[in-house]
Amino acid sequence: MSTIARNQWYVAAYGREVGRELFSRTICEEPILFWRTEAGEAVAMSDRCVHRRYPLSEAPSRLDGDTVVCGYHGFTYGSDGGCVFVPGQARVPRTARLRSYQVVEQDSFVWVWIADPDNPEQGDPTRIPRAPWMDSPDYTVVSGMEPIDCNYGLLVDNLMDLSHETYLHGGYIGTPEVAETPITTEIDEDSNVIYVSRHMDDAECPPFYSESTGIEGRITRWQD
Ligand code: FES
């Protein structure tokens, strides 16, 4: 049985990854095609042609204005996933439609709504967790992607319990205060968000941060 939580928003890409080249990423086991319309709007649809399942992100598939032309037999799709042209046919079958996804671009991320096919719900963009510093000129942001070959739940566990820093990353980002300071946990049932915080009022500045910032000695350190 799949353990994937559906009817949820997921980060699919950085906004900078999506442009006028066809771009594919698998999210929750679904191959999704991303591209930008000529007006600059990010759109997402299934990356498998309805005809013979050819990946629309693969050459010689291509963008033609605000349509995607399948590289296998030329079925052509609009930005809502609907098929608009079938070579050699005057009429386009009404069922010829790619699954399309709700997309929100916010805080440098492209978010997609992964609906539950058995019980589909509409995504509410106001429920997307915010991270405004990610594209704020007031912050220096280091970002990237790191594929990890494990069940995603293990990474969530890892980041929700940073007490491991003291041991696994000792002498680097881990100092004794991390494991010694208790966490507070808040569950916001309405927004489906769990907040875990550890506020250290008087902590040793870990070597990684002293080297990267020049700050030395005792610091106030928060992990939220
Ligand atoms: S597989 Fe796309 S047109 Fe045939």
# chains A, B, ... in the order shown; residues from 1 in each chain; ligands from 1
$ closest_atom_pairs --of "chain A" --to "ligand 1" --cutoff "8 Å" --atoms "only C-alpha atoms and all ligand atoms" --output "tab-separated table"
residue	atom	partner	partner_atom_place_in_ligand_line	distance
A:Arg48	CA	ligand 1	2 (Fe)	7.8
A:Cys49	CA	ligand 1	2 (Fe)	4.6
A:Val50	CA	ligand 1	2 (Fe)	6.5
A:His51	CA	ligand 1	1 (S)	4.5
A:Arg52	CA	ligand 1	1 (S)	3.7
A:Arg53	CA	ligand 1	1 (S)	5.2
A:Tyr54	CA	ligand 1	1 (S)	4.4
A:Pro55	CA	ligand 1	2 (Fe)	7.8
A:Leu56	CA	ligand 1	2 (Fe)	7.4
A:Val69	CA	ligand 1	3 (S)	8.0
A:Cys70	CA	ligand 1	2 (Fe)	4.7
A:Gly71	CA	ligand 1	2 (Fe)	6.4
A:Tyr72	CA	ligand 1	4 (Fe)	4.8
A:His73	CA	ligand 1	3 (S)	3.7
A:Gly74	CA	ligand 1	3 (S)	4.6
A:Phe75	CA	ligand 1	3 (S)	4.2
A:Thr76	CA	ligand 1	3 (S)	7.7
A:Val86	CA	ligand 1	3 (S)	7.7
$ residues_around --residues "A:Ala179" --least-positions-apart "2" --cutoff "9 Å" --atoms "only C-alpha atoms" --output "short mmCIF file (atom, residue, chain, number, x, y, z; two decimals) with all heavy atoms, in the first residue's frame"
data_model
loop_
_atom_site.label_atom_id
_atom_site.label_comp_id
_atom_site.auth_asym_id
_atom_site.auth_seq_id
_atom_site.Cartn_x
_atom_site.Cartn_y
_atom_site.Cartn_z
N LEU A 162 16.38 17.18 15.53
CA LEU A 162 17.76 17.61 15.25
C LEU A 162 18.72 17.30 16.40
O LEU A 162 19.88 17.69 16.35
CB LEU A 162 17.80 19.11 14.93
CG LEU A 162 17.11 19.49 13.61
CD1 LEU A 162 17.20 21.00 13.38
CD2 LEU A 162 17.71 18.77 12.42
N SER A 163 18.23 16.59 17.43
CA SER A 163 19.15 16.25 18.52
C SER A 163 20.31 15.41 18.01
O SER A 163 21.37 15.33 18.64
CB SER A 163 18.41 15.51 19.64
OG SER A 163 17.90 14.30 19.15
N HIS A 164 20.14 14.83 16.83
CA HIS A 164 21.24 14.02 16.26
C HIS A 164 22.45 14.88 15.90
O HIS A 164 23.55 14.37 15.75
CB HIS A 164 20.75 13.25 15.03
CG HIS A 164 20.54 14.10 13.82
ND1 HIS A 164 19.33 14.67 13.50
CD2 HIS A 164 21.40 14.50 12.85
CE1 HIS A 164 19.45 15.37 12.37
NE2 HIS A 164 20.70 15.30 11.97
N GLU A 165 22.24 16.21 15.76
CA GLU A 165 23.35 17.08 15.34
C GLU A 165 24.55 16.97 16.29
O GLU A 165 25.70 16.99 15.86
CB GLU A 165 22.90 18.54 15.32
CG GLU A 165 22.18 18.91 14.07
CD GLU A 165 21.98 20.43 13.96
OE1 GLU A 165 22.53 21.19 14.79
OE2 GLU A 165 21.27 20.84 13.03
N THR A 166 24.24 16.90 17.59
CA THR A 166 25.32 16.88 18.58
C THR A 166 26.27 15.71 18.33
O THR A 166 27.48 15.83 18.50
CB THR A 166 24.71 16.78 19.99
OG1 THR A 166 23.85 17.89 20.18
CG2 THR A 166 25.78 16.75 21.08
N TYR A 167 25.70 14.60 17.90
CA TYR A 167 26.50 13.38 17.73
C TYR A 167 26.95 13.18 16.29
O TYR A 167 28.14 13.06 16.00
CB TYR A 167 25.68 12.18 18.24
CG TYR A 167 25.39 12.37 19.71
CD1 TYR A 167 24.22 12.99 20.14
CD2 TYR A 167 26.35 12.03 20.66
CE1 TYR A 167 24.00 13.24 21.49
CE2 TYR A 167 26.14 12.27 22.01
CZ TYR A 167 24.96 12.88 22.41
OH TYR A 167 24.75 13.14 23.73
N GLY A 174 27.04 20.59 15.12
CA GLY A 174 26.48 20.09 16.38
C GLY A 174 27.31 20.52 17.57
O GLY A 174 28.53 20.40 17.54
N THR A 175 26.65 21.05 18.60
CA THR A 175 27.32 21.36 19.86
C THR A 175 26.50 20.70 20.97
O THR A 175 25.36 20.29 20.73
CB THR A 175 27.39 22.89 20.09
OG1 THR A 175 26.07 23.39 20.16
CG2 THR A 175 28.17 23.60 18.99
N PRO A 176 27.06 20.61 22.19
CA PRO A 176 26.33 19.90 23.26
C PRO A 176 24.95 20.48 23.52
O PRO A 176 24.01 19.74 23.85
CB PRO A 176 27.22 20.10 24.49
CG PRO A 176 28.58 20.42 23.96
CD PRO A 176 28.38 21.08 22.63
N GLU A 177 24.76 21.81 23.34
CA GLU A 177 23.47 22.43 23.69
C GLU A 177 22.31 21.85 22.87
O GLU A 177 21.17 21.85 23.32
CB GLU A 177 23.50 23.95 23.46
CG GLU A 177 24.43 24.70 24.38
CD GLU A 177 25.86 24.75 23.85
OE1 GLU A 177 26.11 24.22 22.73
OE2 GLU A 177 26.72 25.33 24.52
N THR A 181 19.02 20.75 24.98
CA THR A 181 17.90 21.69 25.08
C THR A 181 16.61 21.00 24.63
O THR A 181 16.55 20.47 23.52
CB THR A 181 18.16 22.93 24.21
OG1 THR A 181 19.43 23.44 24.57
CG2 THR A 181 17.09 23.98 24.41
N PRO A 182 15.58 21.01 25.47
CA PRO A 182 14.33 20.35 25.06
C PRO A 182 13.65 21.10 23.91
O PRO A 182 13.83 22.31 23.76
CB PRO A 182 13.45 20.41 26.31
CG PRO A 182 14.27 21.03 27.39
CD PRO A 182 15.50 21.62 26.79
#
$ select_by_dssp --residues "stretch 96-215 of chain A" --states "strand (DSSP E or B)" --output "PyMOL selection string"
chain A and resi 97+100-101+103-106+109-114+170+174+184-188+193-204
$ write_last_selection --atoms "N, CA and C atoms" --output "short mmCIF file (atom, residue, chain, number, x, y, z; two decimals), in the first residue's frame"
data_model
loop_
_atom_site.label_atom_id
_atom_site.label_comp_id
_atom_site.auth_asym_id
_atom_site.auth_seq_id
_atom_site.Cartn_x
_atom_site.Cartn_y
_atom_site.Cartn_z
N ARG A 97 -7.16 14.20 -23.05
CA ARG A 97 -6.81 15.28 -22.13
C ARG A 97 -5.77 14.75 -21.16
N SER A 100 -4.08 17.54 -15.56
CA SER A 100 -3.36 18.79 -15.26
C SER A 100 -3.38 19.03 -13.76
N TYR A 101 -2.44 19.81 -13.29
CA TYR A 101 -2.22 19.99 -11.85
C TYR A 101 -2.37 21.45 -11.49
N VAL A 103 -1.12 24.63 -9.77
CA VAL A 103 0.25 25.09 -9.52
C VAL A 103 0.19 26.44 -8.82
N VAL A 104 1.04 26.62 -7.83
CA VAL A 104 1.21 27.94 -7.20
C VAL A 104 2.70 28.20 -7.13
N GLU A 105 3.10 29.40 -7.55
CA GLU A 105 4.51 29.76 -7.46
C GLU A 105 4.64 30.79 -6.34
N GLN A 106 5.47 30.46 -5.36
CA GLN A 106 5.52 31.29 -4.16
C GLN A 106 6.84 31.06 -3.44
N PHE A 109 9.52 28.77 -4.86
CA PHE A 109 9.16 27.39 -5.17
C PHE A 109 7.97 27.31 -6.13
N VAL A 110 7.95 26.21 -6.89
CA VAL A 110 6.74 25.85 -7.65
C VAL A 110 6.08 24.72 -6.87
N TRP A 111 4.87 24.97 -6.39
CA TRP A 111 4.11 23.97 -5.63
C TRP A 111 3.08 23.31 -6.54
N VAL A 112 2.88 22.00 -6.37
CA VAL A 112 1.78 21.33 -7.10
C VAL A 112 0.87 20.65 -6.10
N TRP A 113 -0.39 20.61 -6.45
CA TRP A 113 -1.39 19.92 -5.64
C TRP A 113 -1.51 18.50 -6.16
N ILE A 114 -1.21 17.53 -5.30
CA ILE A 114 -1.33 16.12 -5.70
C ILE A 114 -2.64 15.60 -5.12
N GLY A 170 28.86 16.41 15.23
CA GLY A 170 29.67 17.04 16.28
C GLY A 170 30.91 17.68 15.68
N GLY A 174 27.04 20.59 15.12
CA GLY A 174 26.48 20.09 16.38
C GLY A 174 27.31 20.52 17.57
N THR A 184 10.06 22.22 21.82
CA THR A 184 8.62 22.39 21.98
C THR A 184 7.97 21.97 20.65
N THR A 185 6.81 21.35 20.76
CA THR A 185 6.12 20.87 19.56
C THR A 185 4.70 21.42 19.57
N GLU A 186 4.29 21.98 18.45
CA GLU A 186 2.93 22.50 18.33
C GLU A 186 2.30 21.87 17.10
N ILE A 187 1.07 21.46 17.24
CA ILE A 187 0.38 20.86 16.09
C ILE A 187 -0.78 21.76 15.71
N ASP A 188 -0.77 22.23 14.48
CA ASP A 188 -1.86 23.06 13.99
C ASP A 188 -2.73 22.17 13.10
N VAL A 193 -0.02 21.48 9.94
CA VAL A 193 1.40 21.79 10.09
C VAL A 193 1.84 21.43 11.50
N ILE A 194 3.03 20.83 11.60
CA ILE A 194 3.65 20.57 12.91
C ILE A 194 4.86 21.48 13.04
N TYR A 195 4.92 22.25 14.12
CA TYR A 195 6.06 23.13 14.37
C TYR A 195 6.90 22.52 15.49
N VAL A 196 8.19 22.37 15.24
CA VAL A 196 9.11 21.89 16.26
C VAL A 196 10.16 22.98 16.45
N SER A 197 10.37 23.41 17.70
CA SER A 197 11.33 24.50 17.95
C SER A 197 12.27 24.15 19.08
N ARG A 198 13.47 24.59 18.95
CA ARG A 198 14.46 24.47 20.02
C ARG A 198 15.19 25.81 20.07
N HIS A 199 14.97 26.54 21.17
CA HIS A 199 15.60 27.86 21.30
C HIS A 199 16.69 27.79 22.36
N MET A 200 17.92 28.05 21.92
CA MET A 200 19.07 27.98 22.83
C MET A 200 19.57 29.40 23.07
N ASP A 201 19.40 29.86 24.32
CA ASP A 201 19.72 31.26 24.60
C ASP A 201 21.22 31.51 24.70
N ASP A 202 21.95 30.50 25.06
CA ASP A 202 23.37 30.71 25.31
C ASP A 202 24.10 29.45 24.85
N ALA A 203 24.44 29.45 23.57
CA ALA A 203 25.02 28.23 22.99
C ALA A 203 26.38 28.55 22.37
N GLU A 204 27.19 27.54 22.31
CA GLU A 204 28.48 27.66 21.64
C GLU A 204 28.21 27.86 20.13
#
$ residues_around --residues "A:Asp135" --least-positions-apart "6" --cutoff "12 Å" --atoms "only C-alpha atoms" --output "compact mmCIF listing (two decimals) with all heavy atoms, in the first residue's frame"
# COMPACT_ATOMS: atom_id res chain seq x y z
N TYR A 14 12.22 24.53 -8.06
CA TYR A 14 12.46 25.97 -7.91
C TYR A 14 11.89 26.66 -9.15
O TYR A 14 11.93 26.10 -10.25
CB TYR A 14 13.96 26.26 -7.85
CG TYR A 14 14.60 25.78 -6.57
CD1 TYR A 14 15.39 24.65 -6.55
CD2 TYR A 14 14.41 26.48 -5.39
CE1 TYR A 14 15.98 24.20 -5.37
CE2 TYR A 14 14.98 26.05 -4.21
CZ TYR A 14 15.77 24.91 -4.21
OH TYR A 14 16.33 24.48 -3.05
N GLY A 15 11.40 27.86 -8.96
CA GLY A 15 10.86 28.61 -10.10
C GLY A 15 11.88 28.74 -11.22
O GLY A 15 11.52 28.69 -12.40
N ARG A 16 13.15 28.83 -10.87
CA ARG A 16 14.19 29.01 -11.90
C ARG A 16 14.37 27.77 -12.77
O ARG A 16 14.97 27.84 -13.84
CB ARG A 16 15.52 29.40 -11.24
CG ARG A 16 16.07 28.33 -10.30
CD ARG A 16 17.48 28.67 -9.79
NE ARG A 16 18.01 27.60 -8.98
CZ ARG A 16 17.99 27.57 -7.64
NH1 ARG A 16 17.49 28.60 -6.97
NH2 ARG A 16 18.49 26.55 -6.98
N GLU A 105 3.10 29.40 -7.55
CA GLU A 105 4.51 29.76 -7.46
C GLU A 105 4.64 30.79 -6.34
O GLU A 105 3.99 31.82 -6.37
CB GLU A 105 4.95 30.35 -8.80
CG GLU A 105 6.43 30.27 -8.95
CD GLU A 105 6.91 30.51 -10.37
OE1 GLU A 105 6.07 30.69 -11.27
OE2 GLU A 105 8.13 30.52 -10.55
N GLN A 106 5.47 30.46 -5.36
CA GLN A 106 5.52 31.29 -4.16
C GLN A 106 6.84 31.06 -3.44
O GLN A 106 7.27 29.91 -3.30
CB GLN A 106 4.36 30.86 -3.27
CG GLN A 106 4.14 31.69 -2.04
CD GLN A 106 2.77 31.35 -1.44
OE1 GLN A 106 1.76 31.91 -1.81
NE2 GLN A 106 2.74 30.40 -0.53
N ASP A 107 7.47 32.13 -2.97
CA ASP A 107 8.68 32.02 -2.15
C ASP A 107 9.78 31.23 -2.86
O ASP A 107 10.49 30.44 -2.23
CB ASP A 107 8.37 31.37 -0.79
CG ASP A 107 7.31 32.14 -0.01
OD1 ASP A 107 7.20 33.37 -0.21
OD2 ASP A 107 6.58 31.52 0.79
N SER A 108 9.92 31.40 -4.15
CA SER A 108 10.93 30.77 -5.03
C SER A 108 10.58 29.34 -5.43
O SER A 108 11.26 28.76 -6.26
CB SER A 108 12.34 30.80 -4.42
OG SER A 108 12.55 29.72 -3.53
N PHE A 109 9.52 28.77 -4.86
CA PHE A 109 9.16 27.39 -5.17
C PHE A 109 7.97 27.31 -6.13
O PHE A 109 7.09 28.17 -6.12
CB PHE A 109 8.73 26.64 -3.90
CG PHE A 109 9.82 26.50 -2.87
CD1 PHE A 109 9.62 27.00 -1.59
CD2 PHE A 109 11.00 25.87 -3.17
CE1 PHE A 109 10.61 26.86 -0.62
CE2 PHE A 109 11.99 25.73 -2.21
CZ PHE A 109 11.80 26.23 -0.93
N VAL A 141 20.58 33.27 0.30
CA VAL A 141 19.96 31.94 0.30
C VAL A 141 20.89 30.95 -0.40
O VAL A 141 21.41 31.24 -1.47
CB VAL A 141 18.59 31.98 -0.42
CG1 VAL A 141 17.99 30.59 -0.53
CG2 VAL A 141 17.64 32.91 0.31
N VAL A 142 21.09 29.82 0.23
CA VAL A 142 21.82 28.73 -0.41
C VAL A 142 20.78 27.65 -0.70
O VAL A 142 20.08 27.22 0.21
CB VAL A 142 22.92 28.18 0.52
CG1 VAL A 142 23.65 27.02 -0.16
CG2 VAL A 142 23.89 29.28 0.92
N SER A 143 20.62 27.28 -1.95
CA SER A 143 19.56 26.33 -2.26
C SER A 143 20.06 25.31 -3.27
O SER A 143 21.09 25.50 -3.91
CB SER A 143 18.33 27.07 -2.82
OG SER A 143 18.67 27.74 -4.01
$ closest_residue --among "A:Ala115, A:Ile173, A:Cys28, A:Phe34" --to "A:Thr3" --atoms "only C-alpha atoms"
A:Cys28
$ residues_around --residues "A:Asp64" --least-positions-apart "3" --cutoff "10 Å" --atoms "only C-alpha atoms" --output "PyMOL selection string"
chain A and resi 20+38+61+67-69+76-78
$ residues_around --residues "A:Asp116" --least-positions-apart "3" --cutoff "12 Å" --atoms "only C-alpha atoms" --output "ChimeraX atom specification"
/A:2,4-9,28,30,101,113,119-123
$ write_last_selection --atoms "all heavy atoms" --output "CSV table (one decimal), in the first residue's frame"
chain,number,residue,atom,x,y,z
A,2,SER,N,0.5,2.2,-0.8
A,2,SER,CA,1.3,3.4,-0.9
A,2,SER,C,1.1,4.2,0.4
A,2,SER,O,0.0,4.3,1.0
A,2,SER,CB,0.8,4.3,-2.1
A,2,SER,OG,1.4,5.5,-2.0
A,4,ILE,N,1.9,7.4,0.5
A,4,ILE,CA,2.0,8.8,0.1
A,4,ILE,C,0.7,9.6,0.5
A,4,ILE,O,-0.4,9.1,0.3
A,4,ILE,CB,2.2,8.9,-1.5
A,4,ILE,CG1,3.6,8.4,-1.8
A,4,ILE,CG2,2.0,10.3,-2.0
A,4,ILE,CD1,3.8,8.3,-3.3
A,5,ALA,N,1.0,10.7,1.1
A,5,ALA,CA,-0.2,11.6,1.5
A,5,ALA,C,-0.6,12.4,0.3
A,5,ALA,O,0.2,13.2,-0.2
A,5,ALA,CB,0.3,12.5,2.7
A,6,ARG,N,-1.9,12.2,-0.1
A,6,ARG,CA,-2.4,12.9,-1.2
A,6,ARG,C,-3.4,14.0,-0.8
A,6,ARG,O,-3.6,14.1,0.4
A,6,ARG,CB,-3.0,12.0,-2.3
A,6,ARG,CG,-1.9,11.0,-2.8
A,6,ARG,CD,-2.5,10.1,-3.9
A,6,ARG,NE,-1.5,9.1,-4.2
A,6,ARG,CZ,-0.6,9.2,-5.1
A,6,ARG,NH1,-0.5,10.3,-5.9
A,6,ARG,NH2,0.3,8.3,-5.3
A,7,ASN,N,-4.0,14.7,-1.7
A,7,ASN,CA,-4.7,15.9,-1.4
A,7,ASN,C,-3.8,16.8,-0.5
A,7,ASN,O,-4.2,17.3,0.5
A,7,ASN,CB,-6.0,15.6,-0.7
A,7,ASN,CG,-7.1,15.0,-1.6
A,7,ASN,OD1,-7.0,15.2,-2.8
A,7,ASN,ND2,-8.0,14.2,-1.1
A,8,GLN,N,-2.6,17.0,-1.0
A,8,GLN,CA,-1.6,17.9,-0.3
A,8,GLN,C,-0.8,18.7,-1.4
A,8,GLN,O,-0.7,18.2,-2.5
A,8,GLN,CB,-0.6,17.0,0.4
A,8,GLN,CG,-1.2,16.1,1.5
A,8,GLN,CD,-1.7,16.9,2.7
A,8,GLN,OE1,-1.3,18.0,3.0
A,8,GLN,NE2,-2.6,16.2,3.4
A,9,TRP,N,-0.3,19.8,-0.9
A,9,TRP,CA,0.6,20.6,-1.7
A,9,TRP,C,2.0,20.0,-1.6
A,9,TRP,O,2.4,19.7,-0.5
A,9,TRP,CB,0.6,22.1,-1.3
A,9,TRP,CG,-0.6,22.8,-1.6
A,9,TRP,CD1,-1.6,23.1,-0.8
A,9,TRP,CD2,-1.0,23.3,-2.9
A,9,TRP,NE1,-2.6,23.8,-1.4
A,9,TRP,CE2,-2.2,24.0,-2.7
A,9,TRP,CE3,-0.4,23.3,-4.2
A,9,TRP,CZ2,-2.9,24.6,-3.8
A,9,TRP,CZ3,-1.1,23.9,-5.2
A,9,TRP,CH2,-2.3,24.6,-5.0
A,28,CYS,N,5.5,12.3,-6.0
A,28,CYS,CA,4.6,11.3,-5.5
A,28,CYS,C,4.3,10.2,-6.6
A,28,CYS,O,3.1,9.8,-6.8
A,28,CYS,CB,3.3,11.9,-5.0
A,28,CYS,SG,3.5,13.1,-3.7
A,30,GLU,N,4.2,10.4,-9.6
A,30,GLU,CA,3.6,10.8,-10.9
A,30,GLU,C,4.5,11.6,-11.7
A,30,GLU,O,5.1,12.6,-11.2
A,30,GLU,CB,2.4,11.7,-10.5
A,30,GLU,CG,1.3,10.9,-9.7
A,30,GLU,CD,0.1,11.7,-9.3
A,30,GLU,OE1,-0.2,12.7,-10.0
A,30,GLU,OE2,-0.6,11.3,-8.3
A,101,TYR,N,-2.4,19.8,-13.3
A,101,TYR,CA,-2.2,20.0,-11.9
A,101,TYR,C,-2.4,21.4,-11.5
A,101,TYR,O,-1.9,22.3,-12.2
A,101,TYR,CB,-0.8,19.5,-11.5
A,101,TYR,CG,-0.6,18.0,-11.7
A,101,TYR,CD1,-0.3,17.5,-12.9
A,101,TYR,CD2,-0.7,17.2,-10.6
A,101,TYR,CE1,-0.1,16.1,-13.1
A,101,TYR,CE2,-0.5,15.8,-10.7
A,101,TYR,CZ,-0.2,15.3,-12.0
A,101,TYR,OH,0.0,14.0,-12.1
A,113,TRP,N,-0.4,20.6,-6.5
A,113,TRP,CA,-1.4,19.9,-5.6
A,113,TRP,C,-1.5,18.5,-6.2
A,113,TRP,O,-1.8,18.3,-7.3
A,113,TRP,CB,-2.7,20.7,-5.7
A,113,TRP,CG,-3.9,20.0,-5.0
A,113,TRP,CD1,-4.9,19.3,-5.6
A,113,TRP,CD2,-4.1,20.0,-3.6
A,113,TRP,NE1,-5.8,18.9,-4.6
A,113,TRP,CE2,-5.3,19.3,-3.4
A,113,TRP,CE3,-3.4,20.6,-2.5
A,113,TRP,CZ2,-5.8,19.1,-2.1
A,113,TRP,CZ3,-4.0,20.4,-1.2
A,113,TRP,CH2,-5.1,19.7,-1.0
A,119,ASN,N,-10.6,10.3,-4.1
A,119,ASN,CA,-11.4,11.3,-3.3
A,119,ASN,C,-10.8,12.7,-3.6
A,119,ASN,O,-10.3,13.3,-2.6
A,119,ASN,CB,-11.3,10.9,-1.8
A,119,ASN,CG,-12.1,11.8,-1.0
A,119,ASN,OD1,-13.0,12.5,-1.4
A,119,ASN,ND2,-11.6,12.0,0.3
A,120,PRO,N,-10.8,13.1,-4.8
A,120,PRO,CA,-10.1,14.4,-5.1
A,120,PRO,C,-10.6,15.6,-4.5
A,120,PRO,O,-11.9,15.8,-4.4
A,120,PRO,CB,-10.2,14.5,-6.7
A,120,PRO,CG,-11.3,13.6,-7.0
A,120,PRO,CD,-11.5,12.6,-6.0
A,121,GLU,N,-9.7,16.4,-3.9
A,121,GLU,CA,-10.1,17.7,-3.3
A,121,GLU,C,-9.4,18.8,-4.1
A,121,GLU,O,-8.3,18.5,-4.7
A,121,GLU,CB,-9.7,17.8,-1.9
A,121,GLU,CG,-10.5,16.9,-1.0
A,121,GLU,CD,-10.0,16.9,0.5
A,121,GLU,OE1,-9.2,17.8,0.8
A,121,GLU,OE2,-10.4,15.9,1.2
A,122,GLN,N,-9.9,20.0,-4.0
A,122,GLN,CA,-9.3,21.2,-4.7
A,122,GLN,C,-8.3,21.7,-3.7
A,122,GLN,O,-8.6,21.8,-2.5
A,122,GLN,CB,-10.4,22.2,-5.0
A,122,GLN,CG,-10.0,23.3,-5.8
A,122,GLN,CD,-9.9,22.9,-7.3
A,122,GLN,OE1,-10.1,21.8,-7.7
A,122,GLN,NE2,-9.4,23.9,-8.1
A,123,GLY,N,-7.1,22.1,-4.1
A,123,GLY,CA,-6.1,22.7,-3.3
A,123,GLY,C,-6.4,24.1,-2.9
A,123,GLY,O,-6.8,24.9,-3.7
$ atom_distance --atom1 "atom CA of A:Gly19" --atom2 "atom CA of A:Ser79"
13.5 Å
$ residues_around --residues "A:Tyr209" --least-positions-apart "3" --cutoff "12 Å" --atoms "only C-alpha atoms" --output "ChimeraX atom specification"
/A:171-175,204-206,212-219,221
$ write_last_selection --atoms "N, CA, C and O atoms" --output "PDB file, in the first residue's frame"
ATOM      1  N   GLY A 171      31.287  18.866  16.191  1.00  0.00           N
ATOM      2  CA  GLY A 171      32.489  19.534  15.694  1.00  0.00           C
ATOM      3  C   GLY A 171      32.261  20.242  14.369  1.00  0.00           C
ATOM      4  O   GLY A 171      33.186  20.783  13.770  1.00  0.00           O
ATOM      5  N   TYR A 172      31.003  20.275  13.932  1.00  0.00           N
ATOM      6  CA  TYR A 172      30.719  20.875  12.624  1.00  0.00           C
ATOM      7  C   TYR A 172      29.530  21.829  12.789  1.00  0.00           C
ATOM      8  O   TYR A 172      29.691  23.038  12.901  1.00  0.00           O
ATOM      9  N   ILE A 173      28.296  21.279  12.885  1.00  0.00           N
ATOM     10  CA  ILE A 173      27.154  22.118  13.245  1.00  0.00           C
ATOM     11  C   ILE A 173      26.558  21.696  14.583  1.00  0.00           C
ATOM     12  O   ILE A 173      25.662  22.356  15.098  1.00  0.00           O
ATOM     13  N   GLY A 174      27.040  20.594  15.123  1.00  0.00           N
ATOM     14  CA  GLY A 174      26.478  20.092  16.377  1.00  0.00           C
ATOM     15  C   GLY A 174      27.312  20.518  17.571  1.00  0.00           C
ATOM     16  O   GLY A 174      28.532  20.399  17.540  1.00  0.00           O
ATOM     17  N   THR A 175      26.652  21.045  18.596  1.00  0.00           N
ATOM     18  CA  THR A 175      27.322  21.363  19.865  1.00  0.00           C
ATOM     19  C   THR A 175      26.499  20.699  20.968  1.00  0.00           C
ATOM     20  O   THR A 175      25.357  20.294  20.729  1.00  0.00           O
ATOM     21  N   GLU A 204      27.187  27.542  22.310  1.00  0.00           N
ATOM     22  CA  GLU A 204      28.476  27.656  21.635  1.00  0.00           C
ATOM     23  C   GLU A 204      28.205  27.862  20.130  1.00  0.00           C
ATOM     24  O   GLU A 204      27.309  27.223  19.588  1.00  0.00           O
ATOM     25  N   CYS A 205      28.962  28.763  19.503  1.00  0.00           N
ATOM     26  CA  CYS A 205      28.788  28.906  18.045  1.00  0.00           C
ATOM     27  C   CYS A 205      29.498  27.731  17.372  1.00  0.00           C
ATOM     28  O   CYS A 205      30.698  27.541  17.540  1.00  0.00           O
ATOM     29  N   PRO A 206      28.772  26.912  16.639  1.00  0.00           N
ATOM     30  CA  PRO A 206      29.427  25.738  16.048  1.00  0.00           C
ATOM     31  C   PRO A 206      30.470  26.157  15.004  1.00  0.00           C
ATOM     32  O   PRO A 206      30.313  27.202  14.352  1.00  0.00           O
ATOM     33  N   SER A 212      31.802  30.378   8.556  1.00  0.00           N
ATOM     34  CA  SER A 212      31.073  31.010   7.451  1.00  0.00           C
ATOM     35  C   SER A 212      30.637  32.434   7.777  1.00  0.00           C
ATOM     36  O   SER A 212      30.404  33.216   6.863  1.00  0.00           O
ATOM     37  N   THR A 213      30.522  32.790   9.073  1.00  0.00           N
ATOM     38  CA  THR A 213      30.025  34.141   9.394  1.00  0.00           C
ATOM     39  C   THR A 213      31.064  35.008  10.095  1.00  0.00           C
ATOM     40  O   THR A 213      30.908  36.220  10.165  1.00  0.00           O
ATOM     41  N   GLY A 214      32.103  34.398  10.661  1.00  0.00           N
ATOM     42  CA  GLY A 214      33.082  35.174  11.445  1.00  0.00           C
ATOM     43  C   GLY A 214      32.624  35.394  12.879  1.00  0.00           C
ATOM     44  O   GLY A 214      33.356  35.969  13.688  1.00  0.00           O
ATOM     45  N   ILE A 215      31.403  34.920  13.226  1.00  0.00           N
ATOM     46  CA  ILE A 215      30.915  35.082  14.604  1.00  0.00           C
ATOM     47  C   ILE A 215      31.591  34.039  15.490  1.00  0.00           C
ATOM     48  O   ILE A 215      31.687  32.871  15.105  1.00  0.00           O
ATOM     49  N   GLU A 216      32.058  34.489  16.670  1.00  0.00           N
ATOM     50  CA  GLU A 216      32.697  33.531  17.571  1.00  0.00           C
ATOM     51  C   GLU A 216      32.094  33.633  18.957  1.00  0.00           C
ATOM     52  O   GLU A 216      31.442  34.606  19.279  1.00  0.00           O
ATOM     53  N   GLY A 217      32.347  32.650  19.798  1.00  0.00           N
ATOM     54  CA  GLY A 217      31.890  32.699  21.184  1.00  0.00           C
ATOM     55  C   GLY A 217      30.476  32.204  21.339  1.00  0.00           C
ATOM     56  O   GLY A 217      30.000  31.375  20.570  1.00  0.00           O
ATOM     57  N   ARG A 218      29.761  32.758  22.359  1.00  0.00           N
ATOM     58  CA  ARG A 218      28.414  32.274  22.676  1.00  0.00           C
ATOM     59  C   ARG A 218      27.396  32.993  21.798  1.00  0.00           C
ATOM     60  O   ARG A 218      27.530  34.187  21.522  1.00  0.00           O
ATOM     61  N   ILE A 219      26.398  32.282  21.389  1.00  0.00           N
ATOM     62  CA  ILE A 219      25.358  32.872  20.523  1.00  0.00           C
ATOM     63  C   ILE A 219      23.966  32.450  21.001  1.00  0.00           C
ATOM     64  O   ILE A 219      23.834  31.535  21.801  1.00  0.00           O
ATOM     65  N   ARG A 221      20.813  30.712  19.562  1.00  0.00           N
ATOM     66  CA  ARG A 221      20.620  29.827  18.404  1.00  0.00           C
ATOM     67  C   ARG A 221      19.209  29.245  18.415  1.00  0.00           C
ATOM     68  O   ARG A 221      18.771  28.692  19.418  1.00  0.00           O
TER      69      ARG A 221
END
$ select_by_dssp --residues "chain A" --states "alpha helix (DSSP H)" --output "list in words"
Tyr152, Gly153, Leu154, Leu155, Val156, Asp157, Asn158, Leu159, Met160, Glu165, Thr166, Tyr167, Leu168, Pro176, Glu177, Val178, Ala179, Glu180, Pro207, Phe208, Tyr209, Ser210, Glu211, Ser212 and Thr213 of chain A
